[in-house]
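Here is the file structure15.cif (mmCIF, C-alpha atoms).
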```
data_my_file
loop_
_atom_site.group_PDB
_atom_site.id
_atom_site.type_symbol
_atom_site.label_atom_id
_atom_site.label_comp_id
_atom_site.auth_asym_id
_atom_site.auth_seq_id
_atom_site.Cartn_x
_atom_site.Cartn_y
_atom_site.Cartn_z
ATOM 1 C CA MET V 126 83.942 17.047 -68.278
ATOM 2 C CA ASN V 127 83.307 17.108 -71.991
ATOM 3 C CA PHE V 128 80.394 15.124 -73.343
ATOM 4 C CA THR V 129 79.916 15.180 -77.064
ATOM 5 C CA PHE V 130 77.285 12.986 -78.594
ATOM 6 C CA ASP V 131 77.125 12.751 -82.338
ATOM 7 C CA ALA V 132 74.026 11.003 -83.672
ATOM 8 C CA THR V 133 74.892 11.255 -87.344
ATOM 9 C CA GLY V 134 74.475 8.012 -89.181
ATOM 10 C CA LEU V 135 72.145 6.505 -86.598
ATOM 11 C CA PRO V 136 68.610 5.634 -87.674
ATOM 12 C CA LEU V 137 65.877 7.801 -86.176
ATOM 13 C CA GLN V 138 68.273 10.507 -85.039
ATOM 14 C CA ASP V 139 65.434 12.757 -83.885
ATOM 15 C CA LEU V 140 64.066 10.137 -81.439
ATOM 16 C CA ILE V 141 67.258 9.818 -79.387
ATOM 17 C CA VAL V 142 66.301 12.856 -77.320
ATOM 18 C CA GLY V 143 62.817 11.360 -76.809
ATOM 19 C CA ALA V 144 64.069 9.134 -73.994
ATOM 20 C CA SER V 145 64.780 12.180 -71.850
ATOM 21 C CA VAL V 146 61.234 13.582 -71.921
ATOM 22 C CA TYR V 147 60.047 14.338 -68.403
ATOM 23 C CA PHE V 148 56.896 12.529 -67.318
ATOM 24 C CA PRO V 149 55.381 14.051 -64.186
ATOM 25 C CA PRO V 150 54.638 11.676 -61.306
ATOM 26 C CA LEU V 151 50.890 12.132 -61.759
ATOM 27 C CA PHE V 152 51.141 10.859 -65.337
ATOM 28 C CA LYS V 153 53.107 7.853 -64.134
ATOM 29 C CA ALA V 154 50.538 7.231 -61.387
ATOM 30 C CA VAL V 155 47.653 7.361 -63.865
ATOM 31 C CA MET V 156 49.372 4.940 -66.254
ATOM 32 C CA LEU V 157 50.282 2.507 -63.474
ATOM 33 C CA GLY V 158 46.819 2.946 -61.963
ATOM 34 C CA PHE V 159 45.269 2.127 -65.305
ATOM 35 C CA LEU V 160 47.177 -1.160 -65.397
ATOM 36 C CA ILE V 161 46.081 -1.970 -61.849
ATOM 37 C CA TRP V 162 42.500 -1.047 -62.771
ATOM 38 C CA LEU V 163 42.599 -3.350 -65.801
ATOM 39 C CA VAL V 164 43.507 -6.306 -63.613
ATOM 40 C CA THR V 165 41.001 -5.390 -60.894
ATOM 41 C CA HIS V 166 38.212 -4.776 -63.379
ATOM 42 C CA ARG V 167 38.870 -8.118 -65.049
ATOM 43 C CA VAL V 168 38.650 -9.943 -61.712
ATOM 44 C CA LEU V 169 35.527 -8.109 -60.458
ATOM 45 C CA ARG V 170 33.712 -7.652 -63.793
ATOM 46 C CA ASP V 171 31.115 -10.387 -63.273
ATOM 47 C CA TRP V 172 30.223 -9.103 -59.811
ATOM 48 C CA ILE V 173 30.039 -5.462 -60.920
ATOM 49 C CA TYR V 174 27.675 -6.149 -63.813
ATOM 50 C CA SER V 175 25.590 -8.837 -62.044
ATOM 51 C CA GLY V 176 23.016 -6.343 -60.806
ATOM 52 C CA GLU V 177 24.138 -6.232 -57.171
ATOM 53 C CA ILE V 178 25.814 -2.866 -57.728
ATOM 54 C CA TRP V 179 23.450 0.082 -58.141
ATOM 55 C CA HIS V 180 25.564 1.832 -60.774
ATOM 56 C CA PRO V 181 28.365 -0.182 -62.435
ATOM 57 C CA MET V 182 29.954 2.864 -64.103
ATOM 58 C CA LEU V 183 30.372 4.619 -60.748
ATOM 59 C CA MET V 184 31.907 1.448 -59.337
ATOM 60 C CA ASP V 185 34.357 1.345 -62.247
ATOM 61 C CA LEU V 186 35.245 4.989 -61.696
ATOM 62 C CA SER V 187 35.728 4.386 -57.969
ATOM 63 C CA LEU V 188 37.991 1.418 -58.675
ATOM 64 C CA PHE V 189 40.015 3.542 -61.090
ATOM 65 C CA VAL V 190 40.465 6.337 -58.534
ATOM 66 C CA LEU V 191 41.517 3.813 -55.887
ATOM 67 C CA ALA V 192 43.956 2.219 -58.335
ATOM 68 C CA VAL V 193 45.523 5.611 -59.131
ATOM 69 C CA CYS V 194 45.848 6.388 -55.414
ATOM 70 C CA LEU V 195 47.463 3.000 -54.817
ATOM 71 C CA SER V 196 49.876 3.467 -57.693
ATOM 72 C CA LEU V 197 50.828 6.956 -56.461
ATOM 73 C CA ALA V 198 51.526 5.483 -53.025
ATOM 74 C CA LEU V 199 53.637 2.758 -54.661
ATOM 75 C CA LEU V 200 55.597 5.354 -56.627
ATOM 76 C CA ILE V 201 56.204 7.391 -53.471
ATOM 77 C CA VAL V 202 57.449 4.365 -51.536
ATOM 78 C CA TRP V 203 59.563 3.165 -54.442
#
```
Can you give me the file's structure in the form of structure tokens?
Amino acid sequence: MNFTFDATGLPLQDLIVGASVYFPPLFKAVMLGFLIWLVTHRVLRDWIYSGEIWHPMLMDLSLFVLAVCLSLALLIVW
């Protein structure tokens, strides 16, 4: 099977190979977890910073770690 790809004349010829960059699953899990954390943080923000939580930053970090674990589980199942 011969596959010849000629990118001459196309704009941004050097970025065509950029679509084949390998992203490790942990990177994908962190990015998806960040999106999940953004939604969760937005929903729980008033409760976290109301004073009921001893340390809001630790709660945010815990939510982020849980979101990354959830996203890794979603990537494994998918």
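By chain and then residue number, the residues within 9 Å of range 153-158 of chain V are Phe148, Pro149, Trp162, Leu163, Phe189, Val190, Leu191, Ala192, Val193, Cys194, Leu195, Ser196, Leu197, Ala198, Leu199 and Leu200 of chain V, counting only C-alpha atoms and disregarding those fewer than 4 positions away in sequence.
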Serialized selection, C-alpha atoms, as a PDB file, in the frame of the given file:
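After the write, part.pdb holds the following:
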```pdb
ATOM      1  CA  PHE V 148      56.896  12.529 -67.318  1.00  0.00           C
ATOM      2  CA  PRO V 149      55.381  14.051 -64.186  1.00  0.00           C
ATOM      3  CA  TRP V 162      42.500  -1.047 -62.771  1.00  0.00           C
ATOM      4  CA  LEU V 163      42.599  -3.350 -65.801  1.00  0.00           C
ATOM      5  CA  PHE V 189      40.015   3.542 -61.090  1.00  0.00           C
ATOM      6  CA  VAL V 190      40.465   6.337 -58.534  1.00  0.00           C
ATOM      7  CA  LEU V 191      41.517   3.813 -55.887  1.00  0.00           C
ATOM      8  CA  ALA V 192      43.956   2.219 -58.335  1.00  0.00           C
ATOM      9  CA  VAL V 193      45.523   5.611 -59.131  1.00  0.00           C
ATOM     10  CA  CYS V 194      45.848   6.388 -55.414  1.00  0.00           C
ATOM     11  CA  LEU V 195      47.463   3.000 -54.817  1.00  0.00           C
ATOM     12  CA  SER V 196      49.876   3.467 -57.693  1.00  0.00           C
ATOM     13  CA  LEU V 197      50.828   6.956 -56.461  1.00  0.00           C
ATOM     14  CA  ALA V 198      51.526   5.483 -53.025  1.00  0.00           C
ATOM     15  CA  LEU V 199      53.637   2.758 -54.661  1.00  0.00           C
ATOM     16  CA  LEU V 200      55.597   5.354 -56.627  1.00  0.00           C
TER      17      LEU V 200
END
```
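Relative to CA of Met184 in chain V, CA of Leu160 in chain V is found at 16.6 Å.
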### Task
Identify all residues satisfying the PyMOL selection byres ((chain V and resi 185) around 10) in the given file; provide them as an MDAnalysis selection string.
chainID V and resid 162 165:166 169:170 173 180:184 186:191
Emit the selected residues as a PDB file, in the frame of the given file, including C-alpha atoms.
```pdb
ATOM      1  CA  TRP V 162      42.500  -1.047 -62.771  1.00  0.00           C
ATOM      2  CA  THR V 165      41.001  -5.390 -60.894  1.00  0.00           C
ATOM      3  CA  HIS V 166      38.212  -4.776 -63.379  1.00  0.00           C
ATOM      4  CA  LEU V 169      35.527  -8.109 -60.458  1.00  0.00           C
ATOM      5  CA  ARG V 170      33.712  -7.652 -63.793  1.00  0.00           C
ATOM      6  CA  ILE V 173      30.039  -5.462 -60.920  1.00  0.00           C
ATOM      7  CA  HIS V 180      25.564   1.832 -60.774  1.00  0.00           C
ATOM      8  CA  PRO V 181      28.365  -0.182 -62.435  1.00  0.00           C
ATOM      9  CA  MET V 182      29.954   2.864 -64.103  1.00  0.00           C
ATOM     10  CA  LEU V 183      30.372   4.619 -60.748  1.00  0.00           C
ATOM     11  CA  MET V 184      31.907   1.448 -59.337  1.00  0.00           C
ATOM     12  CA  LEU V 186      35.245   4.989 -61.696  1.00  0.00           C
ATOM     13  CA  SER V 187      35.728   4.386 -57.969  1.00  0.00           C
ATOM     14  CA  LEU V 188      37.991   1.418 -58.675  1.00  0.00           C
ATOM     15  CA  PHE V 189      40.015   3.542 -61.090  1.00  0.00           C
ATOM     16  CA  VAL V 190      40.465   6.337 -58.534  1.00  0.00           C
ATOM     17  CA  LEU V 191      41.517   3.813 -55.887  1.00  0.00           C
TER      18      LEU V 191
END
```
